[in-house]
Amino acid sequence: RPPRSTLFPYTTLFRSFDKKYVFSGTVRYDGSNGLGRNASARWLPTWNISAKWNLSEEEFIKNRQWITYLSLRSSYGLTASMPPSANATAVFYNGSSNRPYASEIESIIRLSSLENAELTWEKGYLFNLGVDFAALNRRVDIIADYWNRKSFDLISTIRTSGIGGETNKLANYADMNSYGFDLALGIIPVTNPNFEWKINFTYGFNKTKITNAKNQPRIFDVVTSDGGNLEGYPARSLFSIQYMGLDPETGIPTFIDENGNTSNSVYLQSTKLENLKYEGSVDPVHVGGISNNFKYKGLTLNVFFTFQGGNRIRLKPTFKSSYSDLDAMPKAFYNRWLMPGDENITNIPSIVDAYIESSELSGRYPYNAYNFSTERVAKGDFLRLKTVSLTYNLPKSLLSQKSPVSKLSITLAASNMFLLY
């Protein structure tokens with residue numbers, strides 16, 4: 001398979017009136033071989049129109065000396081992207097055959113996916129409305145944007161009659177709506193020849209909703225840590241098997257199974273999702289960071305925090321089919337079920353022993369279902385001290401005039417120091 005390449009010749013028209021009103025338009029003709037040799041999906045025209053109103057050039061704004069700059073802007077256009085995991089042509093891989101002896105192994109060609117010549121670009125109409133504002137000689141800077149995207153022709157699986165050799169096939173048919181806003185704020189609370197303090201704050205809000213998808217995911221497809229895609233829910237939605245408590249005799253966990261019954265077994269290959277609990281999106285709804293920069297003479301201290309929130313994450317599996325010396329006793333096992341009555345004080349199942357395995361499990365996998373249950377989900381919110389750096393710029397008087405070095409600084413930095421929340 002050749003490496004992906006992209007070509008996009010474009011034309012831009014630009015017009016400005018009295019430095020107040022600015023209009024522009026762009027037409028691109030994108031070309032890519034991302035879907036293989038299929039020529040029907042090679043080229044796609046896209047476009048964008050935008051306008052900007054420089055309010056700070058208007059007379060009713062010029063009289064306000066504290067406003068340094070103010071403008072409103074908006075844009076609308078058709079965007080497109082080439083999906084990274086699809087191919088319109090048949091994909092083959094080299095491999096080796098499975099043979100009992102090394103002398104009998106031979107080279108083979110493995111068919112990874114059939115030809116799917118109907119695949120093409122994923123597209124969307126994107127609307128953006130923004131404001132740029134600066135005040136007090138740029139001691140306050142604000143950039144705010146609202147955006148709304150209506151995506152269509154998204155590639156998703158769809159069930160077919162099987163004609164052509166595949167019952168589940170990729171197709172450009174899914175739709176998704178998304179919207180959000182971004183904010184960038186810069187403030188200089190203190191500034192003088194010897195000391196300066198700068199604050200930069202960024203924040204982003206993002207929500208998505210799949211409005212059309214006829215895929216039929218299995219329970220396993222939507223309960224793993226990556227989440228799954230289902231019509232009516234956000235992209236990468238996380239679902240969980242509903243935990244119903246521990247068996248009072250054995251400490252084995254019980255759940256609401258795919259048929260709505262209380263059981264210690266859930267068939268993860270089932271496509272019946274109505275008894276799962278929707279937890280939320282794996283992707284954060286709120287993201288951002290705040291940076292404080294302090295400068296005193298030749299010293300500069302930068303402290304940077306990051307945060308996110310509004311998402312749900314699947315915790316690492318507690319119960320496994322095998323353990324090593326490093327993970328044989330996770331902390332949760334200290335509070336596990338040990339004897340009848342413990343089901344009233346703990347939600348952590350018992351450890352499988354020979355009796356339980358032979359008499360109670362009989363081919364069922366309740367401990368695996370427990371890893372994907374409502375008990376193994378947590379909020380993804382956090383506030384992290386991301387980086388701290390201290391820089392010292394050596395005075396020029398310490399550098400020789402004949403030296404080729406005109407500026408020298410020493411920096412001490414630390415990353416990912418700790419979580420505050």
# chains A, B, ... in the order shown; residues from 1 in each chain; ligands from 1
$ residues_around --residues "region 104-118 of chain A" --least-positions-apart "3" --cutoff "7 Å" --atoms "only C-alpha atoms" --output "list of chain:residue names"
A:Asn38, A:Ala88, A:Thr89, A:Ala90, A:Val91, A:Phe92, A:Tyr93, A:Asn94, A:Gly95, A:Ser96, A:Ser97, A:Asn98, A:Arg99, A:Tyr101
$ write_last_selection --atoms "N, CA, C and O atoms" --output "compact mmCIF listing (two decimals), in the first residue's frame"
# COMPACT_ATOMS: atom_id res chain seq x y z
N ASN A 38 -8.58 3.90 -6.00
CA ASN A 38 -9.91 4.20 -6.51
C ASN A 38 -9.97 5.66 -6.98
O ASN A 38 -9.89 6.60 -6.18
N ALA A 88 -10.63 1.93 -0.31
CA ALA A 88 -11.60 1.62 -1.35
C ALA A 88 -11.19 0.43 -2.20
O ALA A 88 -12.01 -0.14 -2.93
N THR A 89 -9.93 0.07 -2.15
CA THR A 89 -9.46 -1.07 -2.93
C THR A 89 -9.19 -2.25 -2.01
O THR A 89 -9.09 -2.10 -0.79
N ALA A 90 -9.08 -3.42 -2.59
CA ALA A 90 -8.79 -4.62 -1.80
C ALA A 90 -7.40 -4.47 -1.16
O ALA A 90 -6.47 -3.95 -1.76
N VAL A 91 -7.28 -4.93 0.08
CA VAL A 91 -6.03 -4.81 0.82
C VAL A 91 -5.49 -6.21 1.11
O VAL A 91 -6.20 -7.06 1.66
N PHE A 92 -4.24 -6.43 0.72
CA PHE A 92 -3.59 -7.72 0.94
C PHE A 92 -2.33 -7.51 1.79
O PHE A 92 -1.67 -6.46 1.69
N TYR A 93 -2.02 -8.49 2.62
CA TYR A 93 -0.82 -8.44 3.44
C TYR A 93 -0.01 -9.72 3.24
O TYR A 93 -0.57 -10.81 3.07
N ASN A 94 1.30 -9.57 3.29
CA ASN A 94 2.17 -10.74 3.27
C ASN A 94 2.17 -11.39 4.64
O ASN A 94 2.03 -10.72 5.67
N GLY A 95 2.34 -12.69 4.67
CA GLY A 95 2.38 -13.40 5.94
C GLY A 95 3.03 -14.75 5.77
O GLY A 95 3.59 -15.07 4.71
N SER A 96 2.98 -15.53 6.83
CA SER A 96 3.55 -16.88 6.82
C SER A 96 2.49 -17.86 7.27
O SER A 96 1.65 -17.55 8.13
N SER A 97 2.51 -19.04 6.70
CA SER A 97 1.51 -20.05 7.02
C SER A 97 1.81 -20.69 8.37
O SER A 97 2.94 -20.66 8.87
N ASN A 98 0.75 -21.23 8.98
CA ASN A 98 0.90 -21.94 10.25
C ASN A 98 1.20 -23.41 9.96
O ASN A 98 0.37 -24.13 9.41
N ARG A 99 2.36 -23.82 10.32
CA ARG A 99 2.80 -25.20 10.10
C ARG A 99 3.46 -25.74 11.37
O ARG A 99 4.06 -24.97 12.14
N TYR A 101 6.13 -27.50 11.68
CA TYR A 101 7.58 -27.49 11.64
C TYR A 101 8.06 -26.28 10.84
O TYR A 101 7.43 -25.88 9.86
$ residues_around --residues "region 284-294 of chain A" --least-positions-apart "5" --cutoff "6 Å" --atoms "only C-alpha atoms" --output "list of chain:residue names"
A:Glu196, A:Trp197, A:Lys198, A:Ile199, A:Asn200, A:Phe201, A:Thr202, A:Tyr203, A:Gly204, A:Phe205, A:Asn206, A:Thr300, A:Leu301, A:Asn302, A:Val303, A:Phe304, A:Phe305, A:Thr306, A:Phe307, A:Gln308, A:Gly309, A:Gly310, A:Asn311
$ residues_around --residues "Asp342 (chain A)" --least-positions-apart "5" --cutoff "10 Å" --atoms "only C-alpha atoms" --output "list in words"
Leu246, Asp247, Pro248, Glu249, Gly251, Asn335, Arg336, Trp337, Asn347, Ile348, Pro349 and Ser350 of chain A
$ closest_residue --among "A:Gly245, A:Pro404, A:Gly124, A:Pro100" --to "Leu78 (chain A)" --atoms "only C-alpha atoms"
A:Gly124
$ select_by_dssp --residues "region 135-249 of chain A" --states "helix (DSSP H, G or I)" --output "PyMOL selection string"
chain A and resi 219-223
$ residues_around --residues "Trp43 (chain A)" --least-positions-apart "6" --cutoff "8 Å" --atoms "only C-alpha atoms" --output "PyMOL selection string"
chain A and resi 29-32
$ atom_distance --atom1 "CA of Asn54 (chain A)" --atom2 "CA of Pro9 (chain A)"
29.7 Å
$ residues_around --residues "Asp18 (chain A)" --least-positions-apart "6" --cutoff "12 Å" --atoms "only C-alpha atoms" --output "PyMOL selection string"
chain A and resi 53-55+57-58
$ closest_atom_pairs --of "region 38-134 of chain A" --to "region 171-194 of chain A" --cutoff "10 Å" --atoms "only C-alpha atoms" --output "tab-separated table"
residue	atom	partner	partner_atom	distance
A:Ala86	CA	A:Ala171	CA	9.7
A:Asn116	CA	A:Ala171	CA	8.4
A:Ala117	CA	A:Ala171	CA	9.9
A:Glu118	CA	A:Ala171	CA	7.3
A:Leu119	CA	A:Ala171	CA	6.1
A:Thr120	CA	A:Asn172	CA	6.9
A:Trp121	CA	A:Asn172	CA	8.0
A:Glu122	CA	A:Asn172	CA	7.2
A:Lys123	CA	A:Asp175	CA	9.5
A:Gly124	CA	A:Met176	CA	9.0
A:Tyr125	CA	A:Asn177	CA	9.9
A:Leu126	CA	A:Tyr179	CA	9.5
A:Phe127	CA	A:Tyr179	CA	9.4
A:Asn128	CA	A:Phe181	CA	9.3
A:Leu129	CA	A:Phe181	CA	9.3
A:Gly130	CA	A:Phe181	CA	9.2
A:Val131	CA	A:Leu183	CA	9.9
A:Asp132	CA	A:Ala184	CA	9.8
A:Phe133	CA	A:Leu185	CA	9.7
A:Ala134	CA	A:Gly186	CA	9.2
$ residues_around --residues "Thr167 (chain A)" --least-positions-apart "3" --cutoff "12 Å" --atoms "only C-alpha atoms" --output "list in words"
Leu114, Thr157, Ile158, Arg159, Thr160, Ser161, Gly162, Ile163, Gly164, Leu170, Asn215 and Gln216 of chain A
$ residues_around --residues "Arg218 (chain A)" --least-positions-apart "2" --cutoff "7 Å" --atoms "only C-alpha atoms" --output "list of chain:residue names"
A:Gln216, A:Phe220, A:Asp221, A:Leu268, A:Gln269, A:Ser270, A:Thr271
$ closest_residue --among "A:Phe23, A:Ser406, A:Thr411, A:Asp353" --to "Leu338 (chain A)" --atoms "only C-alpha atoms"
A:Asp353
$ closest_residue --among "A:Phe333, A:Ala369, A:Leu299, A:Leu315" --to "Ser389 (chain A)" --atoms "only C-alpha atoms"
A:Leu299
$ select_by_dssp --residues "region 108-255 of chain A" --states "strand (DSSP E)" --output "PyMOL selection string"
chain A and resi 108-113+122-135+140-159+168-191+195-212+237-240+243-246+253-255
$ write_last_selection --atoms "C-alpha atoms" --output "PDB file, in the first residue's frame"
ATOM      1  CA  ILE A 108       1.211 -16.505   1.906  1.00  0.00           C
ATOM      2  CA  ILE A 109      -0.874 -13.486   0.897  1.00  0.00           C
ATOM      3  CA  ARG A 110      -3.701 -12.675   3.300  1.00  0.00           C
ATOM      4  CA  LEU A 111      -6.829 -10.794   2.241  1.00  0.00           C
ATOM      5  CA  SER A 112      -7.495  -8.089   4.836  1.00  0.00           C
ATOM      6  CA  SER A 113     -10.508  -6.375   3.228  1.00  0.00           C
ATOM      7  CA  GLU A 122     -16.194  12.401   4.821  1.00  0.00           C
ATOM      8  CA  LYS A 123     -17.737  15.885   4.617  1.00  0.00           C
ATOM      9  CA  GLY A 124     -19.265  18.572   6.774  1.00  0.00           C
ATOM     10  CA  TYR A 125     -20.627  22.123   6.742  1.00  0.00           C
ATOM     11  CA  LEU A 126     -18.868  24.261   9.334  1.00  0.00           C
ATOM     12  CA  PHE A 127     -20.191  27.583  10.663  1.00  0.00           C
ATOM     13  CA  ASN A 128     -18.039  29.811  12.846  1.00  0.00           C
ATOM     14  CA  LEU A 129     -18.767  33.080  14.666  1.00  0.00           C
ATOM     15  CA  GLY A 130     -16.002  34.823  16.556  1.00  0.00           C
ATOM     16  CA  VAL A 131     -14.949  38.016  18.289  1.00  0.00           C
ATOM     17  CA  ASP A 132     -11.477  39.485  18.847  1.00  0.00           C
ATOM     18  CA  PHE A 133     -11.117  42.042  21.620  1.00  0.00           C
ATOM     19  CA  ALA A 134      -8.176  43.873  23.142  1.00  0.00           C
ATOM     20  CA  ALA A 135      -8.242  46.594  25.788  1.00  0.00           C
ATOM     21  CA  VAL A 140      -6.410  42.325  28.144  1.00  0.00           C
ATOM     22  CA  ASP A 141      -6.772  40.094  25.076  1.00  0.00           C
ATOM     23  CA  ILE A 142      -9.839  37.958  24.334  1.00  0.00           C
ATOM     24  CA  ILE A 143     -10.507  35.620  21.416  1.00  0.00           C
ATOM     25  CA  ALA A 144     -13.858  33.810  21.510  1.00  0.00           C
ATOM     26  CA  ASP A 145     -15.384  31.479  18.906  1.00  0.00           C
ATOM     27  CA  TYR A 146     -18.635  29.564  18.544  1.00  0.00           C
ATOM     28  CA  TRP A 147     -18.733  26.793  15.959  1.00  0.00           C
ATOM     29  CA  ASN A 148     -21.322  24.365  14.621  1.00  0.00           C
ATOM     30  CA  ARG A 149     -20.549  21.450  12.330  1.00  0.00           C
ATOM     31  CA  LYS A 150     -23.027  19.232  10.478  1.00  0.00           C
ATOM     32  CA  SER A 151     -21.075  16.226   9.266  1.00  0.00           C
ATOM     33  CA  PHE A 152     -22.392  13.848   6.626  1.00  0.00           C
ATOM     34  CA  ASP A 153     -21.123  10.993   4.478  1.00  0.00           C
ATOM     35  CA  LEU A 154     -19.267   9.693   7.527  1.00  0.00           C
ATOM     36  CA  ILE A 155     -17.931   6.190   7.128  1.00  0.00           C
ATOM     37  CA  SER A 156     -19.577   3.594   9.358  1.00  0.00           C
ATOM     38  CA  THR A 157     -20.452  -0.076   9.178  1.00  0.00           C
ATOM     39  CA  ILE A 158     -23.833  -1.155   7.846  1.00  0.00           C
ATOM     40  CA  ARG A 159     -25.350  -4.620   7.686  1.00  0.00           C
ATOM     41  CA  ASN A 168     -21.007  -5.923   7.455  1.00  0.00           C
ATOM     42  CA  LYS A 169     -19.636  -3.307   5.104  1.00  0.00           C
ATOM     43  CA  LEU A 170     -18.213   0.208   5.388  1.00  0.00           C
ATOM     44  CA  ALA A 171     -20.254   2.934   3.678  1.00  0.00           C
ATOM     45  CA  ASN A 172     -20.500   6.749   3.527  1.00  0.00           C
ATOM     46  CA  TYR A 173     -23.928   7.255   5.080  1.00  0.00           C
ATOM     47  CA  ALA A 174     -23.650   8.311   8.746  1.00  0.00           C
ATOM     48  CA  ASP A 175     -24.405  11.846   9.996  1.00  0.00           C
ATOM     49  CA  MET A 176     -23.305  13.689  13.114  1.00  0.00           C
ATOM     50  CA  ASN A 177     -23.913  17.139  14.598  1.00  0.00           C
ATOM     51  CA  SER A 178     -21.383  18.846  16.832  1.00  0.00           C
ATOM     52  CA  TYR A 179     -21.025  22.271  18.344  1.00  0.00           C
ATOM     53  CA  GLY A 180     -18.910  24.112  20.877  1.00  0.00           C
ATOM     54  CA  PHE A 181     -17.015  27.251  21.680  1.00  0.00           C
ATOM     55  CA  ASP A 182     -13.406  28.171  22.368  1.00  0.00           C
ATOM     56  CA  LEU A 183     -12.057  30.954  24.538  1.00  0.00           C
ATOM     57  CA  ALA A 184      -8.532  32.354  24.824  1.00  0.00           C
ATOM     58  CA  LEU A 185      -7.905  35.013  27.440  1.00  0.00           C
ATOM     59  CA  GLY A 186      -4.677  36.895  28.053  1.00  0.00           C
ATOM     60  CA  ILE A 187      -4.209  39.285  30.980  1.00  0.00           C
ATOM     61  CA  ILE A 188      -1.211  41.288  32.193  1.00  0.00           C
ATOM     62  CA  PRO A 189      -2.113  42.239  35.802  1.00  0.00           C
ATOM     63  CA  VAL A 190       1.289  43.774  36.591  1.00  0.00           C
ATOM     64  CA  THR A 191       3.923  45.254  34.322  1.00  0.00           C
ATOM     65  CA  PHE A 195       8.550  42.805  37.162  1.00  0.00           C
ATOM     66  CA  GLU A 196       5.852  41.451  34.854  1.00  0.00           C
ATOM     67  CA  TRP A 197       3.032  38.963  35.424  1.00  0.00           C
ATOM     68  CA  LYS A 198       1.152  37.422  32.485  1.00  0.00           C
ATOM     69  CA  ILE A 199      -1.842  35.074  32.645  1.00  0.00           C
ATOM     70  CA  ASN A 200      -3.028  33.014  29.664  1.00  0.00           C
ATOM     71  CA  PHE A 201      -6.234  31.017  29.959  1.00  0.00           C
ATOM     72  CA  THR A 202      -7.719  28.695  27.324  1.00  0.00           C
ATOM     73  CA  TYR A 203     -11.022  26.831  27.439  1.00  0.00           C
ATOM     74  CA  GLY A 204     -12.869  24.631  24.993  1.00  0.00           C
ATOM     75  CA  PHE A 205     -16.370  23.157  25.092  1.00  0.00           C
ATOM     76  CA  ASN A 206     -17.389  20.431  22.667  1.00  0.00           C
ATOM     77  CA  LYS A 207     -20.476  18.234  22.240  1.00  0.00           C
ATOM     78  CA  THR A 208     -21.372  15.724  19.546  1.00  0.00           C
ATOM     79  CA  LYS A 209     -24.451  13.681  18.640  1.00  0.00           C
ATOM     80  CA  ILE A 210     -24.736  10.937  16.037  1.00  0.00           C
ATOM     81  CA  THR A 211     -27.976  11.605  14.147  1.00  0.00           C
ATOM     82  CA  ASN A 212     -27.828   8.748  11.643  1.00  0.00           C
ATOM     83  CA  SER A 237     -20.040   6.801  24.023  1.00  0.00           C
ATOM     84  CA  LEU A 238     -19.314   4.569  27.002  1.00  0.00           C
ATOM     85  CA  PHE A 239     -21.899   2.043  28.183  1.00  0.00           C
ATOM     86  CA  SER A 240     -21.793  -0.355  31.138  1.00  0.00           C
ATOM     87  CA  TYR A 243     -24.163  -4.451  38.315  1.00  0.00           C
ATOM     88  CA  MET A 244     -26.776  -5.981  40.686  1.00  0.00           C
ATOM     89  CA  GLY A 245     -24.712  -7.092  43.680  1.00  0.00           C
ATOM     90  CA  LEU A 246     -22.833 -10.189  44.884  1.00  0.00           C
ATOM     91  CA  PRO A 253     -21.086 -10.716  40.851  1.00  0.00           C
ATOM     92  CA  THR A 254     -24.522 -10.605  39.255  1.00  0.00           C
ATOM     93  CA  PHE A 255     -25.825  -8.321  36.528  1.00  0.00           C
TER      94      PHE A 255
END
$ closest_residue --among "A:Ser397, A:Asn33, A:Asn48, A:Thr68" --to "Tyr10 (chain A)" --atoms "only C-alpha atoms"
A:Asn48
$ atom_distance --atom1 "CA of Tyr21 (chain A)" --atom2 "CA of Gly77 (chain A)"
19.3 Å
$ atom_distance --atom1 "CA of Arg138 (chain A)" --atom2 "CA of Tyr392 (chain A)"
26.0 Å
